[in-house]
Structures are given as structure tokens and as C-alpha cells.
file run12.txt (compact mmCIF, N, CA and C atoms)
# COMPACT_ATOMS: atom_id res chain seq x y z
N ALA B 956 15.88 14.79 -39.64
CA ALA B 956 15.21 13.58 -39.16
C ALA B 956 16.19 12.67 -38.42
N LYS B 957 17.47 12.75 -38.75
CA LYS B 957 18.47 11.89 -38.10
C LYS B 957 19.17 12.60 -36.96
N GLY B 958 18.85 13.87 -36.76
CA GLY B 958 19.53 14.66 -35.74
C GLY B 958 19.09 14.32 -34.33
N ARG B 959 19.98 14.65 -33.39
CA ARG B 959 19.67 14.49 -31.97
C ARG B 959 19.80 15.86 -31.33
N VAL B 960 18.98 16.12 -30.32
CA VAL B 960 19.00 17.37 -29.59
C VAL B 960 19.22 17.07 -28.12
N VAL B 961 20.17 17.78 -27.53
CA VAL B 961 20.36 17.72 -26.09
C VAL B 961 19.93 19.08 -25.56
N ALA B 962 18.88 19.11 -24.77
CA ALA B 962 18.37 20.34 -24.18
C ALA B 962 18.89 20.40 -22.75
N GLU B 963 19.55 21.51 -22.44
CA GLU B 963 20.20 21.60 -21.14
C GLU B 963 19.86 22.92 -20.46
N ASP B 964 19.79 22.87 -19.13
CA ASP B 964 19.61 24.06 -18.32
C ASP B 964 20.29 23.80 -16.99
N ILE B 965 20.44 24.86 -16.20
CA ILE B 965 21.05 24.70 -14.88
C ILE B 965 20.01 24.77 -13.77
N VAL B 966 18.76 24.96 -14.13
CA VAL B 966 17.68 25.08 -13.15
C VAL B 966 16.87 23.77 -13.16
N PRO B 967 16.93 23.01 -12.07
CA PRO B 967 16.23 21.71 -12.04
C PRO B 967 14.74 21.79 -12.37
N ASP B 968 14.05 22.84 -11.93
CA ASP B 968 12.62 22.95 -12.24
C ASP B 968 12.38 23.08 -13.75
N TYR B 969 13.24 23.85 -14.43
CA TYR B 969 13.10 23.99 -15.89
C TYR B 969 13.34 22.65 -16.58
N ILE B 970 14.32 21.92 -16.09
CA ILE B 970 14.63 20.62 -16.68
C ILE B 970 13.44 19.67 -16.50
N SER B 971 12.85 19.69 -15.35
CA SER B 971 11.69 18.84 -15.08
C SER B 971 10.53 19.18 -16.02
N GLN B 972 10.26 20.47 -16.18
CA GLN B 972 9.18 20.90 -17.07
C GLN B 972 9.47 20.50 -18.51
N LEU B 973 10.71 20.67 -18.91
CA LEU B 973 11.09 20.33 -20.28
C LEU B 973 11.00 18.82 -20.51
N ALA B 974 11.44 18.05 -19.55
CA ALA B 974 11.37 16.59 -19.67
C ALA B 974 9.92 16.13 -19.81
N THR B 975 9.03 16.75 -19.06
CA THR B 975 7.60 16.42 -19.17
C THR B 975 7.09 16.73 -20.57
N ARG B 976 7.49 17.85 -21.12
CA ARG B 976 7.05 18.22 -22.47
C ARG B 976 7.62 17.26 -23.52
N VAL B 977 8.88 16.88 -23.37
CA VAL B 977 9.51 15.96 -24.31
C VAL B 977 8.75 14.64 -24.35
N VAL B 978 8.36 14.13 -23.19
CA VAL B 978 7.60 12.88 -23.13
C VAL B 978 6.20 13.08 -23.71
N ARG B 979 5.54 14.16 -23.30
CA ARG B 979 4.17 14.44 -23.77
C ARG B 979 4.11 14.55 -25.29
N GLU B 980 5.10 15.23 -25.87
CA GLU B 980 5.08 15.45 -27.32
C GLU B 980 5.83 14.37 -28.10
N LYS B 981 6.28 13.33 -27.39
CA LYS B 981 6.96 12.19 -28.02
C LYS B 981 8.14 12.64 -28.88
N LEU B 982 8.96 13.49 -28.32
CA LEU B 982 10.15 13.99 -29.02
C LEU B 982 11.30 13.01 -28.78
N ASP B 983 11.29 11.93 -29.52
CA ASP B 983 12.23 10.85 -29.29
C ASP B 983 13.68 11.21 -29.58
N ASN B 984 13.90 12.27 -30.33
CA ASN B 984 15.28 12.67 -30.64
C ASN B 984 15.80 13.73 -29.67
N VAL B 985 15.08 14.01 -28.60
CA VAL B 985 15.48 15.03 -27.63
C VAL B 985 15.77 14.37 -26.28
N SER B 986 16.93 14.68 -25.73
CA SER B 986 17.23 14.27 -24.35
C SER B 986 17.46 15.53 -23.53
N VAL B 987 17.21 15.42 -22.25
CA VAL B 987 17.26 16.57 -21.36
C VAL B 987 18.31 16.29 -20.28
N ARG B 988 19.12 17.32 -19.98
CA ARG B 988 20.14 17.12 -18.95
C ARG B 988 20.38 18.40 -18.17
N LEU B 989 20.88 18.21 -16.97
CA LEU B 989 21.19 19.32 -16.08
C LEU B 989 22.67 19.66 -16.20
N GLY B 990 22.96 20.94 -16.46
CA GLY B 990 24.34 21.41 -16.52
C GLY B 990 24.69 22.18 -15.26
N LEU B 991 25.90 22.69 -15.24
CA LEU B 991 26.37 23.53 -14.13
C LEU B 991 26.55 24.95 -14.64
N PRO B 992 26.48 25.96 -13.77
CA PRO B 992 26.62 27.35 -14.21
C PRO B 992 27.91 27.64 -14.98
N ALA B 993 29.00 26.99 -14.63
CA ALA B 993 30.27 27.26 -15.31
C ALA B 993 30.73 26.11 -16.19
N ASP B 994 29.93 25.05 -16.28
CA ASP B 994 30.36 23.87 -17.03
C ASP B 994 29.14 23.16 -17.61
N PRO B 995 29.02 23.11 -18.93
CA PRO B 995 27.87 22.42 -19.51
C PRO B 995 27.92 20.89 -19.36
N ARG B 996 29.07 20.36 -19.00
CA ARG B 996 29.23 18.92 -18.77
C ARG B 996 28.73 18.09 -19.96
N LEU B 997 29.16 18.46 -21.15
CA LEU B 997 28.77 17.76 -22.36
C LEU B 997 29.90 16.84 -22.82
N PRO B 998 29.56 15.73 -23.44
CA PRO B 998 30.59 14.79 -23.89
C PRO B 998 31.47 15.40 -24.99
N GLU B 999 32.74 15.04 -24.95
CA GLU B 999 33.70 15.58 -25.92
C GLU B 999 33.38 15.14 -27.34
N ASN B 1000 33.70 16.04 -28.28
CA ASN B 1000 33.64 15.75 -29.71
C ASN B 1000 32.27 15.22 -30.14
N SER B 1001 31.21 15.83 -29.62
CA SER B 1001 29.87 15.27 -29.82
C SER B 1001 28.88 16.16 -30.57
N PHE B 1002 29.17 17.44 -30.74
CA PHE B 1002 28.14 18.34 -31.26
C PHE B 1002 28.61 19.10 -32.49
N ASP B 1003 27.76 19.09 -33.52
CA ASP B 1003 28.02 19.89 -34.72
C ASP B 1003 27.66 21.34 -34.49
N ARG B 1004 26.67 21.56 -33.65
CA ARG B 1004 26.19 22.92 -33.39
C ARG B 1004 25.68 23.00 -31.97
N VAL B 1005 26.08 24.05 -31.28
CA VAL B 1005 25.56 24.34 -29.94
C VAL B 1005 24.83 25.67 -30.02
N LEU B 1006 23.55 25.65 -29.71
CA LEU B 1006 22.74 26.87 -29.71
C LEU B 1006 22.54 27.32 -28.27
N MET B 1007 22.92 28.55 -28.00
CA MET B 1007 22.70 29.13 -26.68
C MET B 1007 21.70 30.26 -26.87
N VAL B 1008 20.46 30.00 -26.47
CA VAL B 1008 19.36 30.92 -26.76
C VAL B 1008 18.91 31.63 -25.48
N HIS B 1009 19.02 32.94 -25.50
CA HIS B 1009 18.58 33.80 -24.40
C HIS B 1009 19.13 33.35 -23.04
N MET B 1010 20.42 33.01 -23.02
CA MET B 1010 21.01 32.59 -21.76
C MET B 1010 22.43 33.11 -21.57
N TYR B 1011 23.09 33.52 -22.64
CA TYR B 1011 24.49 33.92 -22.54
C TYR B 1011 24.69 35.05 -21.53
N HIS B 1012 23.76 35.98 -21.48
CA HIS B 1012 23.87 37.11 -20.55
C HIS B 1012 23.79 36.66 -19.09
N GLU B 1013 23.31 35.45 -18.85
CA GLU B 1013 23.18 34.92 -17.48
C GLU B 1013 24.48 34.26 -16.98
N ILE B 1014 25.41 33.99 -17.87
CA ILE B 1014 26.64 33.28 -17.49
C ILE B 1014 27.54 34.21 -16.70
N GLU B 1015 27.90 33.79 -15.49
CA GLU B 1015 28.74 34.61 -14.62
C GLU B 1015 30.18 34.69 -15.12
N SER B 1016 30.70 33.60 -15.65
CA SER B 1016 32.08 33.53 -16.15
C SER B 1016 32.07 33.01 -17.58
N PRO B 1017 31.76 33.89 -18.54
CA PRO B 1017 31.64 33.44 -19.93
C PRO B 1017 32.89 32.75 -20.48
N TYR B 1018 34.07 33.27 -20.14
CA TYR B 1018 35.30 32.67 -20.65
C TYR B 1018 35.43 31.23 -20.16
N GLU B 1019 35.20 31.02 -18.87
CA GLU B 1019 35.29 29.67 -18.30
C GLU B 1019 34.26 28.75 -18.94
N PHE B 1020 33.04 29.24 -19.11
CA PHE B 1020 31.98 28.43 -19.71
C PHE B 1020 32.35 28.00 -21.13
N LEU B 1021 32.79 28.97 -21.94
CA LEU B 1021 33.15 28.66 -23.33
C LEU B 1021 34.37 27.73 -23.39
N TRP B 1022 35.31 27.92 -22.48
CA TRP B 1022 36.50 27.06 -22.42
C TRP B 1022 36.08 25.60 -22.18
N ARG B 1023 35.12 25.41 -21.30
CA ARG B 1023 34.65 24.06 -20.99
C ARG B 1023 33.69 23.52 -22.05
N LEU B 1024 33.08 24.41 -22.80
CA LEU B 1024 32.18 24.00 -23.88
C LEU B 1024 32.95 23.52 -25.11
N ARG B 1025 34.08 24.15 -25.38
CA ARG B 1025 34.85 23.89 -26.61
C ARG B 1025 35.11 22.42 -26.89
N PRO B 1026 35.55 21.62 -25.93
CA PRO B 1026 35.84 20.21 -26.23
C PRO B 1026 34.63 19.40 -26.69
N SER B 1027 33.43 19.88 -26.42
CA SER B 1027 32.23 19.13 -26.82
C SER B 1027 31.93 19.27 -28.31
N LEU B 1028 32.57 20.24 -28.98
CA LEU B 1028 32.32 20.45 -30.40
C LEU B 1028 33.06 19.43 -31.25
N ALA B 1029 32.38 18.91 -32.26
CA ALA B 1029 33.01 18.06 -33.26
C ALA B 1029 33.88 18.94 -34.15
N PRO B 1030 34.81 18.37 -34.91
CA PRO B 1030 35.59 19.18 -35.84
C PRO B 1030 34.67 20.00 -36.75
N GLY B 1031 34.95 21.29 -36.84
CA GLY B 1031 34.11 22.19 -37.64
C GLY B 1031 32.83 22.61 -36.94
N GLY B 1032 32.66 22.22 -35.68
CA GLY B 1032 31.45 22.55 -34.94
C GLY B 1032 31.33 24.05 -34.70
N GLN B 1033 30.12 24.49 -34.46
CA GLN B 1033 29.83 25.90 -34.29
C GLN B 1033 29.09 26.17 -32.98
N VAL B 1034 29.33 27.34 -32.42
CA VAL B 1034 28.56 27.83 -31.29
C VAL B 1034 27.76 29.02 -31.80
N VAL B 1035 26.45 28.99 -31.60
CA VAL B 1035 25.57 30.06 -32.05
C VAL B 1035 24.93 30.67 -30.80
N VAL B 1036 25.11 31.98 -30.65
CA VAL B 1036 24.55 32.70 -29.51
C VAL B 1036 23.42 33.59 -29.99
N VAL B 1037 22.23 33.40 -29.41
CA VAL B 1037 21.08 34.25 -29.68
C VAL B 1037 20.73 34.87 -28.33
N ASP B 1038 20.95 36.17 -28.21
CA ASP B 1038 20.74 36.80 -26.92
C ASP B 1038 20.41 38.29 -27.11
N ALA B 1039 19.90 38.87 -26.05
CA ALA B 1039 19.58 40.30 -26.07
C ALA B 1039 20.85 41.12 -25.92

call {"tool": "encode", "arguments": {"input": "run12.txt", "output": "C-alpha cells"}}
result
Amino acid sequence: AKGRVVAEDIVPDYISQLATRVVREKLDNVSVRLGLPADPRLPENSFDRVLMVHMYHEIESPYEFLWRLRPSLAPGGQVVVVDA
């Protein structure tokens, strides 16, 4: 109940659709943002858990992406990958 969710994608159309759904369903704890293919552009030391669902296989440079993702994790933070 106290958690916050940042939903991110690199495709502007997906972000627009998701933002519409967030407003429609009154998901006040969800914010939507546009990332870059090689950089999630997330604030440092901000996330206890990062879920990457059905997208890891799409990353062109996984090492670079994870390198740029790492600073956004809080101490003890986790990255969870769910992919085919």
C-alpha cells in the first residue's frame, strides 16, 4: 500500500497507452516514464526491486543497460528478469 511503481518503456506509443490506463484506473502509486534503449535513466539509489518483464531479450547491449541500471538500486536492491 505504501509502495511506488515506475513503469517504463522505450516506445512512446506504449507509454502513452499506459499513462491513459494509469489515469483511467486511478493508479495513484504508478508513474510512467520514457527510457532509452541503452539507459533506463532512473534516479540513483531509488529502487528496492526492478522487474524487467518480457523485455530483456530486446536489449541490444545488455551489459551497458545493466551497468546504467545498477546505480538506481537501493542498498540490497534486486533486479528480477522474467523473459522467454

call {"tool": "atom_distance", "arguments": {"input": "run12.txt", "atom1": "CA of Val978 (chain B)", "atom2": "CA of Glu1013 (chain B)"}}
result
27.6 Å

call {"tool": "select_by_dssp", "arguments": {"input": "run12.txt", "residues": "region 965-1016 of chain B", "states": "helix (DSSP H, G or I)", "output": "list in words"}}
result
Pro967, Asp968, Tyr969, Ile970, Ser971, Gln972, Leu973, Ala974, Thr975, Arg976, Val977, Val978, Arg979, Tyr1011, His1012 and Glu1013 of chain B

call {"tool": "closest_residue", "arguments": {"input": "run12.txt", "among": "B:Glu963, B:Pro1017, B:Glu999, B:Ala974", "to": "Pro1030 (chain B)", "atoms": "only C-alpha atoms"}}
result
B:Glu999

call {"tool": "residues_near_point", "arguments": {"input": "run12.txt", "point": "(34.9, 17.5, -27.7)", "cutoff": "6 Å", "atoms": "all atoms listed in the file", "output": "PyMOL selection string"}}
result
chain B and resi 998-1001+1025-1029

call {"tool": "atom_distance", "arguments": {"input": "run12.txt", "atom1": "atom N of Pro995 (chain B)", "atom2": "CA of Glu1019 (chain B)"}}
result
9.1 Å

call {"tool": "residues_around", "arguments": {"input": "run12.txt", "residues": "region 1002-1008 of chain B", "least_positions_apart": "5", "cutoff": "7 Å", "atoms": "only C-alpha atoms", "output": "PyMOL selection string"}}
result
chain B and resi 1027-1029+1032-1038
